[in-house]
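Undergrad: Before I ask anything, here is the structure I am working with.
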Amino acid sequence: MRRIATGLLVAMAVLFFVARAHAQGSTGWGYAQAFAEAAMVGGLADWFAVTALFRHPLGLPIPHTAIVPRNKDRIGDTLAAFLRTNFLIPRVVARRMQRIDVAAALGRWLSDPGGAASAGRLRHGASRLAADLLESLDQERLGGMVRGALSHQLRQLDIAPMLGRAIEAAMVDGRHVPLMDGIIRWAARVLQANEHLVRAMIHERSGAILRWTGLDETLANKIIDGLDRLVMDMAADPDHPLRAKAEEGLASLAHDLQHDPDTQARVMAFKAEMLDNPALGDWWQGVWERMRGGMLRLARDPDMMMRGQLGEAMASLGATLQSDPMLARTVNRFARRGAVGAAADYGDAIVRLVSDTIRGWDVATITLRLENAVGRDLQYIRINGTLVGGLVGLALHAIEGAL
């Protein structure tokens with residue numbers, strides 16, 4: 001547009017000189033000369049005004065020119081203050097957020113994330129960014145950081161009372177019964193699989209007379225049969241005395257885990273020993289590698305996330321957000337409070353960022369950016385000024401001729 005505006009000004013200058021050469025005795029060329037003369041004046045005036053915003057016209061240090069470069073810092077402060085006053089205040093943010101149905105938009109996207117081209121571009125762009133970020137990070141350092149953070153949190157966690165409360169709650173609801181049944185069945189299988197060890201132990205510890213008479217085998221059979229009967233009775237009878245003893249032991253353990261300092265100290269020591277074990281570190285490294293590989297696969301293929309059970313769950317959540325008014329109100333209220341809180345807590349920091357960023361730009365940068373943003377419209381001003389000036393000159397010439 002700058003070339004068009006400048007070309008139009010040059011064309012008016014050419015027309016002026018041509019018309020002036022033929023104006024003697026010709027009314028038409030006189031009108032053309034008046035039009036071109038006034039158009040040059042209007043075009044030059046608007047060229048000067050537009051150029052003076054960003055630089056000195058013709059490089060001359062004319063007063064009140066190069067307005068933008070000279071007032072760069074003030075423009076940044078004014079823009080930041082405008083944003084703070086008109087946009088980043090809690091009242092305005094809350095009013096605007098009330099008109100935005102975040103829950104409905106989120107629900108539509110979750111229900112059909114690939115339905116809109118823009119949503120697909122956004123998802124694939126975010127996917128590429130996440131994949132590049134994961135690949136650019138130092139794999140061992142990142143894994144070490146995550147492992148260190150997890151280890152630190154686990155060391156700070158007082159796990160004994162939590163275990164105690166979990167056992168206590170399970171016993172109240174009867175959820176410990178299947179576990180106890182499983183332990184009894186496991187004990188029966190272990191006894192059956194290791195029957196030869198029991199017989200060998202009894203044989204070795206029996207006296208020579210018992211072995212010579214074969215009574216050691218009879219004793220082993222009696223012991224094994226008794227143990228089998230005991231396990232079977234415990235499995236069949238929920239009120240078996242040994243089961244009651246086991247439940248008493250569990251209840252006592254739950255109490256000690258919550259209230260006994262010695263028990264809690266032993267649990268903490270065991271936890272610390274486990275965390276210091278190199279085998280746990282090797283195990284976690286393998287877990288981290290699998291996690292990182294899975295995240296990379298998801299990042300490289302964003303459509304994978306929307307398939308299978310996870311995709312079905314997200315689609316179900318999207319449908320619920322659109323059909324459940326109470327849930328939608330909760331989500332919208334949360335989004336509104338988050339936006340208002342961000343404006344209240346970080347509004348000043350945001351406007352300082354805008355102001356400091358503009359202050360940090362050099363004169364050439366801010367001039368170029370503003371000129372690129374509004375330059376096209378400013379060139380239209382030059383074109384309009386040239387044409388309007390010409391029309392005014394034409395009208396004045398016509399009035400002068402009539403008088």
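Residues are referred to by chain and number: the chain letter is A, B, ... according to the order shown in the structure tokens, the number counts from 1 in that chain, and ligands are numbered separately from 1 in the order shown.
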If we count only C-alpha atoms and set the cut-off at 9 Å, which residues sit around Phe54 (chain A), ignoring sequence neighbours fewer than 6 positions away in its own chain? Please answer as a list in words.
TA: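 In the requested form, the answer reads Thr65, Ala66, Ile67, Val68, Pro69, Thr367, Leu368, Leu370 and Glu371 of chain A.
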Undergrad: Go ahead and save the picked residues with all heavy atoms, as a PDB file, in the first residue's frame.
TA:
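Okay, this is what ended up in selection_3.pdb:
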ATOM      1  N   THR A  65       8.253  15.401  15.456  1.00  0.00           N
ATOM      2  CA  THR A  65       8.236  14.271  14.535  1.00  0.00           C
ATOM      3  C   THR A  65       8.908  13.084  15.222  1.00  0.00           C
ATOM      4  O   THR A  65       9.443  13.213  16.324  1.00  0.00           O
ATOM      5  CB  THR A  65       8.966  14.614  13.225  1.00  0.00           C
ATOM      6  OG1 THR A  65      10.321  14.994  13.523  1.00  0.00           O
ATOM      7  CG2 THR A  65       8.268  15.755  12.497  1.00  0.00           C
ATOM      8  N   ALA A  66       8.865  11.898  14.564  1.00  0.00           N
ATOM      9  CA  ALA A  66       9.339  10.659  15.196  1.00  0.00           C
ATOM     10  C   ALA A  66       8.687  10.483  16.565  1.00  0.00           C
ATOM     11  O   ALA A  66       9.336  10.235  17.579  1.00  0.00           O
ATOM     12  CB  ALA A  66      10.862  10.662  15.312  1.00  0.00           C
ATOM     13  N   ILE A  67       7.363  10.588  16.568  1.00  0.00           N
ATOM     14  CA  ILE A  67       6.609  10.613  17.829  1.00  0.00           C
ATOM     15  C   ILE A  67       6.714   9.279  18.563  1.00  0.00           C
ATOM     16  O   ILE A  67       6.928   9.234  19.778  1.00  0.00           O
ATOM     17  CB  ILE A  67       5.136  10.965  17.539  1.00  0.00           C
ATOM     18  CG1 ILE A  67       5.056  12.393  16.975  1.00  0.00           C
ATOM     19  CG2 ILE A  67       4.284  10.833  18.792  1.00  0.00           C
ATOM     20  CD1 ILE A  67       3.680  12.771  16.484  1.00  0.00           C
ATOM     21  N   VAL A  68       6.548   8.176  17.832  1.00  0.00           N
ATOM     22  CA  VAL A  68       6.583   6.863  18.472  1.00  0.00           C
ATOM     23  C   VAL A  68       7.949   6.561  19.096  1.00  0.00           C
ATOM     24  O   VAL A  68       8.032   6.165  20.265  1.00  0.00           O
ATOM     25  CB  VAL A  68       6.154   5.771  17.474  1.00  0.00           C
ATOM     26  CG1 VAL A  68       6.426   4.383  18.042  1.00  0.00           C
ATOM     27  CG2 VAL A  68       4.678   5.909  17.135  1.00  0.00           C
ATOM     28  N   PRO A  69       9.068   6.734  18.382  1.00  0.00           N
ATOM     29  CA  PRO A  69      10.364   6.457  19.012  1.00  0.00           C
ATOM     30  C   PRO A  69      10.658   7.337  20.215  1.00  0.00           C
ATOM     31  O   PRO A  69      11.229   6.862  21.207  1.00  0.00           O
ATOM     32  CB  PRO A  69      11.359   6.717  17.874  1.00  0.00           C
ATOM     33  CG  PRO A  69      10.580   6.528  16.620  1.00  0.00           C
ATOM     34  CD  PRO A  69       9.211   7.025  16.939  1.00  0.00           C
ATOM     35  N   THR A 367       9.208   0.647  16.367  1.00  0.00           N
ATOM     36  CA  THR A 367       8.738   1.379  15.194  1.00  0.00           C
ATOM     37  C   THR A 367       8.281   0.415  14.112  1.00  0.00           C
ATOM     38  O   THR A 367       7.205   0.574  13.518  1.00  0.00           O
ATOM     39  CB  THR A 367       9.857   2.280  14.663  1.00  0.00           C
ATOM     40  OG1 THR A 367      10.243   3.202  15.684  1.00  0.00           O
ATOM     41  CG2 THR A 367       9.393   3.056  13.437  1.00  0.00           C
ATOM     42  N   LEU A 368       9.093  -0.615  13.861  1.00  0.00           N
ATOM     43  CA  LEU A 368       8.748  -1.595  12.834  1.00  0.00           C
ATOM     44  C   LEU A 368       7.475  -2.346  13.180  1.00  0.00           C
ATOM     45  O   LEU A 368       6.607  -2.560  12.325  1.00  0.00           O
ATOM     46  CB  LEU A 368       9.917  -2.561  12.652  1.00  0.00           C
ATOM     47  CG  LEU A 368       9.726  -3.661  11.591  1.00  0.00           C
ATOM     48  CD1 LEU A 368       9.555  -3.031  10.214  1.00  0.00           C
ATOM     49  CD2 LEU A 368      10.910  -4.617  11.600  1.00  0.00           C
ATOM     50  N   LEU A 370       4.910  -1.499  15.249  1.00  0.00           N
ATOM     51  CA  LEU A 370       3.710  -0.669  15.179  1.00  0.00           C
ATOM     52  C   LEU A 370       3.382  -0.293  13.743  1.00  0.00           C
ATOM     53  O   LEU A 370       2.213  -0.270  13.345  1.00  0.00           O
ATOM     54  CB  LEU A 370       3.911   0.597  16.022  1.00  0.00           C
ATOM     55  CG  LEU A 370       3.869   0.404  17.537  1.00  0.00           C
ATOM     56  CD1 LEU A 370       4.150   1.711  18.247  1.00  0.00           C
ATOM     57  CD2 LEU A 370       2.495  -0.131  17.971  1.00  0.00           C
ATOM     58  N   GLU A 371       4.410  -0.016  12.952  1.00  0.00           N
ATOM     59  CA  GLU A 371       4.167   0.354  11.558  1.00  0.00           C
ATOM     60  C   GLU A 371       3.590  -0.822  10.785  1.00  0.00           C
ATOM     61  O   GLU A 371       2.707  -0.656   9.937  1.00  0.00           O
ATOM     62  CB  GLU A 371       5.463   0.832  10.919  1.00  0.00           C
ATOM     63  CG  GLU A 371       5.250   1.543   9.598  1.00  0.00           C
ATOM     64  CD  GLU A 371       6.514   2.229   9.104  1.00  0.00           C
ATOM     65  OE1 GLU A 371       7.587   1.990   9.686  1.00  0.00           O
ATOM     66  OE2 GLU A 371       6.410   2.998   8.139  1.00  0.00           O
TER      67      GLU A 371
END
Undergrad: With a distance cut-off of 12 Å and only C-alpha atoms, select the neighbouring residues of Leu242 (chain A), excluding the residue or stretch itself and same-chain residues fewer than 3 positions from it, and output the selection as a list in words.
TA: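 Final neighbour list, sorted by chain and number: Met180, Ile184, Leu230, Val231, Met232, Asp233, Met234, Ala235, Asp237, Pro238, Asp239, Lys245, Ala246, Glu247, Glu248 and Gly249 of chain A.
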Undergrad: Any idea what's packed within 10 Å of region 226-229 of chain A, counting only C-alpha atoms, ignoring anything in its chain fewer than 5 positions away? Could you give it as a PyMOL selection string?
TA: chain A and resi 187-189+191-192+220-221+234-235
Undergrad: So how many Å separate CA of Asp101 (chain A) and CA of Asn332 (chain A), to one decimal?
TA: 6.5 Å
Undergrad: Quick one, how far is CA of Val354 (chain A) from CA of Arg70 (chain A)?
TA: 18.2 Å
Undergrad: Kindly give the distance, in Å, that separates CA of Val388 (chain A) and CA of Trp47 (chain A), rounded to a single decimal.
TA: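 So the answer is 13.8 Å.
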Undergrad: If we count only C-alpha atoms and set the cut-off at 12 Å, which residues sit around Ser252 (chain A), ignoring sequence neighbours fewer than 6 positions away in its own chain? Please answer as a list in words.
TA: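 Counting only C-alpha atoms, the residues come to Gly164, Arg165, Ile167, Glu168, Met171, Lys245, Ala246, Gln258, His259, Asp260 and Thr263 of chain A.
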Undergrad: Can you pull out every residue within 9 Å of region 33-41 of chain A, counting only C-alpha atoms, but drop anything in the same chain fewer than 4 positions away, and send it as JSON, numbers by chain?
TA: {"A": [9, 10, 11, 12, 13, 14, 15, 16, 17, 18, 19, 20, 23, 28, 29, 45, 46, 385, 386, 387, 388, 389, 390, 391, 392, 393, 394, 395, 396, 397]}
Undergrad: Could you check which of A:Glu289, A:Glu312, A:Asp262, A:Glu273 is closest to Ala160 (chain A), using only C-alpha atoms?
TA: A:Asp262
Undergrad: Between A:Ala313, A:Met97, A:Ala5, A:Ala32, which residue has the minimum interatomic distance to Val50 (chain A), considering only C-alpha atoms?
TA: A:Ala5
Undergrad: Tell me, counting only C-alpha atoms, for each residue of region 33-107 of chain A within 9 Å of region 343-346 of chain A, which pair of atoms is nearest and how far apart they are in Å to one decimal, in rows ordered by chain and increasing number, as JSON lines.
TA:
{"residue": "A:Phe87", "atom": "CA", "partner": "A:Ala343", "partner_atom": "CA", "distance": 8.8}
{"residue": "A:Leu88", "atom": "CA", "partner": "A:Ala343", "partner_atom": "CA", "distance": 5.3}
{"residue": "A:Ile89", "atom": "CA", "partner": "A:Ala343", "partner_atom": "CA", "distance": 6.0}
{"residue": "A:Pro90", "atom": "CA", "partner": "A:Ala344", "partner_atom": "CA", "distance": 5.8}
{"residue": "A:Val93", "atom": "CA", "partner": "A:Ala343", "partner_atom": "CA", "distance": 7.3}
Undergrad: Next, write the just-selected residues to a file, as a JSON list (two decimals), in the first residue's frame, keeping N, CA, C and O atoms as the atom set.
TA:
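Printed below is part21.json as written:
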[["chain", "number", "residue", "atom", "x", "y", "z"],
["A", 87, "PHE", "N", -9.14, -4.16, 31.60],
["A", 87, "PHE", "CA", -9.26, -5.60, 31.36],
["A", 87, "PHE", "C", -8.89, -6.44, 32.58],
["A", 87, "PHE", "O", -9.60, -7.39, 32.91],
["A", 88, "LEU", "N", -7.79, -6.11, 33.24],
["A", 88, "LEU", "CA", -7.25, -6.99, 34.28],
["A", 88, "LEU", "C", -7.66, -6.56, 35.67],
["A", 88, "LEU", "O", -6.86, -6.56, 36.60],
["A", 89, "ILE", "N", -8.91, -6.23, 35.85],
["A", 89, "ILE", "CA", -9.44, -5.97, 37.19],
["A", 89, "ILE", "C", -10.50, -7.03, 37.47],
["A", 89, "ILE", "O", -11.22, -7.45, 36.57],
["A", 90, "PRO", "N", -10.56, -7.51, 38.71],
["A", 90, "PRO", "CA", -11.46, -8.63, 39.02],
["A", 90, "PRO", "C", -12.90, -8.40, 38.59],
["A", 90, "PRO", "O", -13.57, -9.32, 38.11],
["A", 93, "VAL", "N", -13.16, -8.89, 34.78],
["A", 93, "VAL", "CA", -12.93, -10.29, 34.44],
["A", 93, "VAL", "C", -14.12, -11.14, 34.85],
["A", 93, "VAL", "O", -14.57, -12.03, 34.09]]
Undergrad: Hey, which of A:Arg337, A:Arg352, A:His176, A:Lys271 ends up closest to Ala251 (chain A)? Count only C-alpha atoms.
TA: A:His176
Undergrad: For Gln322 (chain A), list every protein, DNA or RNA residue within 7 Å, evaluated using only C-alpha atoms, and leave out those in the same chain fewer than 3 positions away; present the list as a ChimeraX atom specification.
TA: /A:104,107,318-319
Undergrad: Convert the current residue selection to file output with C-alpha atoms, as a PDB file, in the first residue's frame.
TA:
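Output saved as out-v1.pdb:
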ATOM      1  CA  ALA A 104     -20.220 -26.292  27.461  1.00  0.00           C
ATOM      2  CA  GLY A 107     -17.899 -30.622  26.929  1.00  0.00           C
ATOM      3  CA  GLY A 318     -17.935 -34.237  27.775  1.00  0.00           C
ATOM      4  CA  ALA A 319     -21.510 -35.498  27.478  1.00  0.00           C
TER       5      ALA A 319
END
Undergrad: With distances taken over only C-alpha atoms, which residue among A:Ala94, A:Tyr31, A:Ile159, A:Ile224 lies nearest His196 (chain A)?
TA: A:Ile224
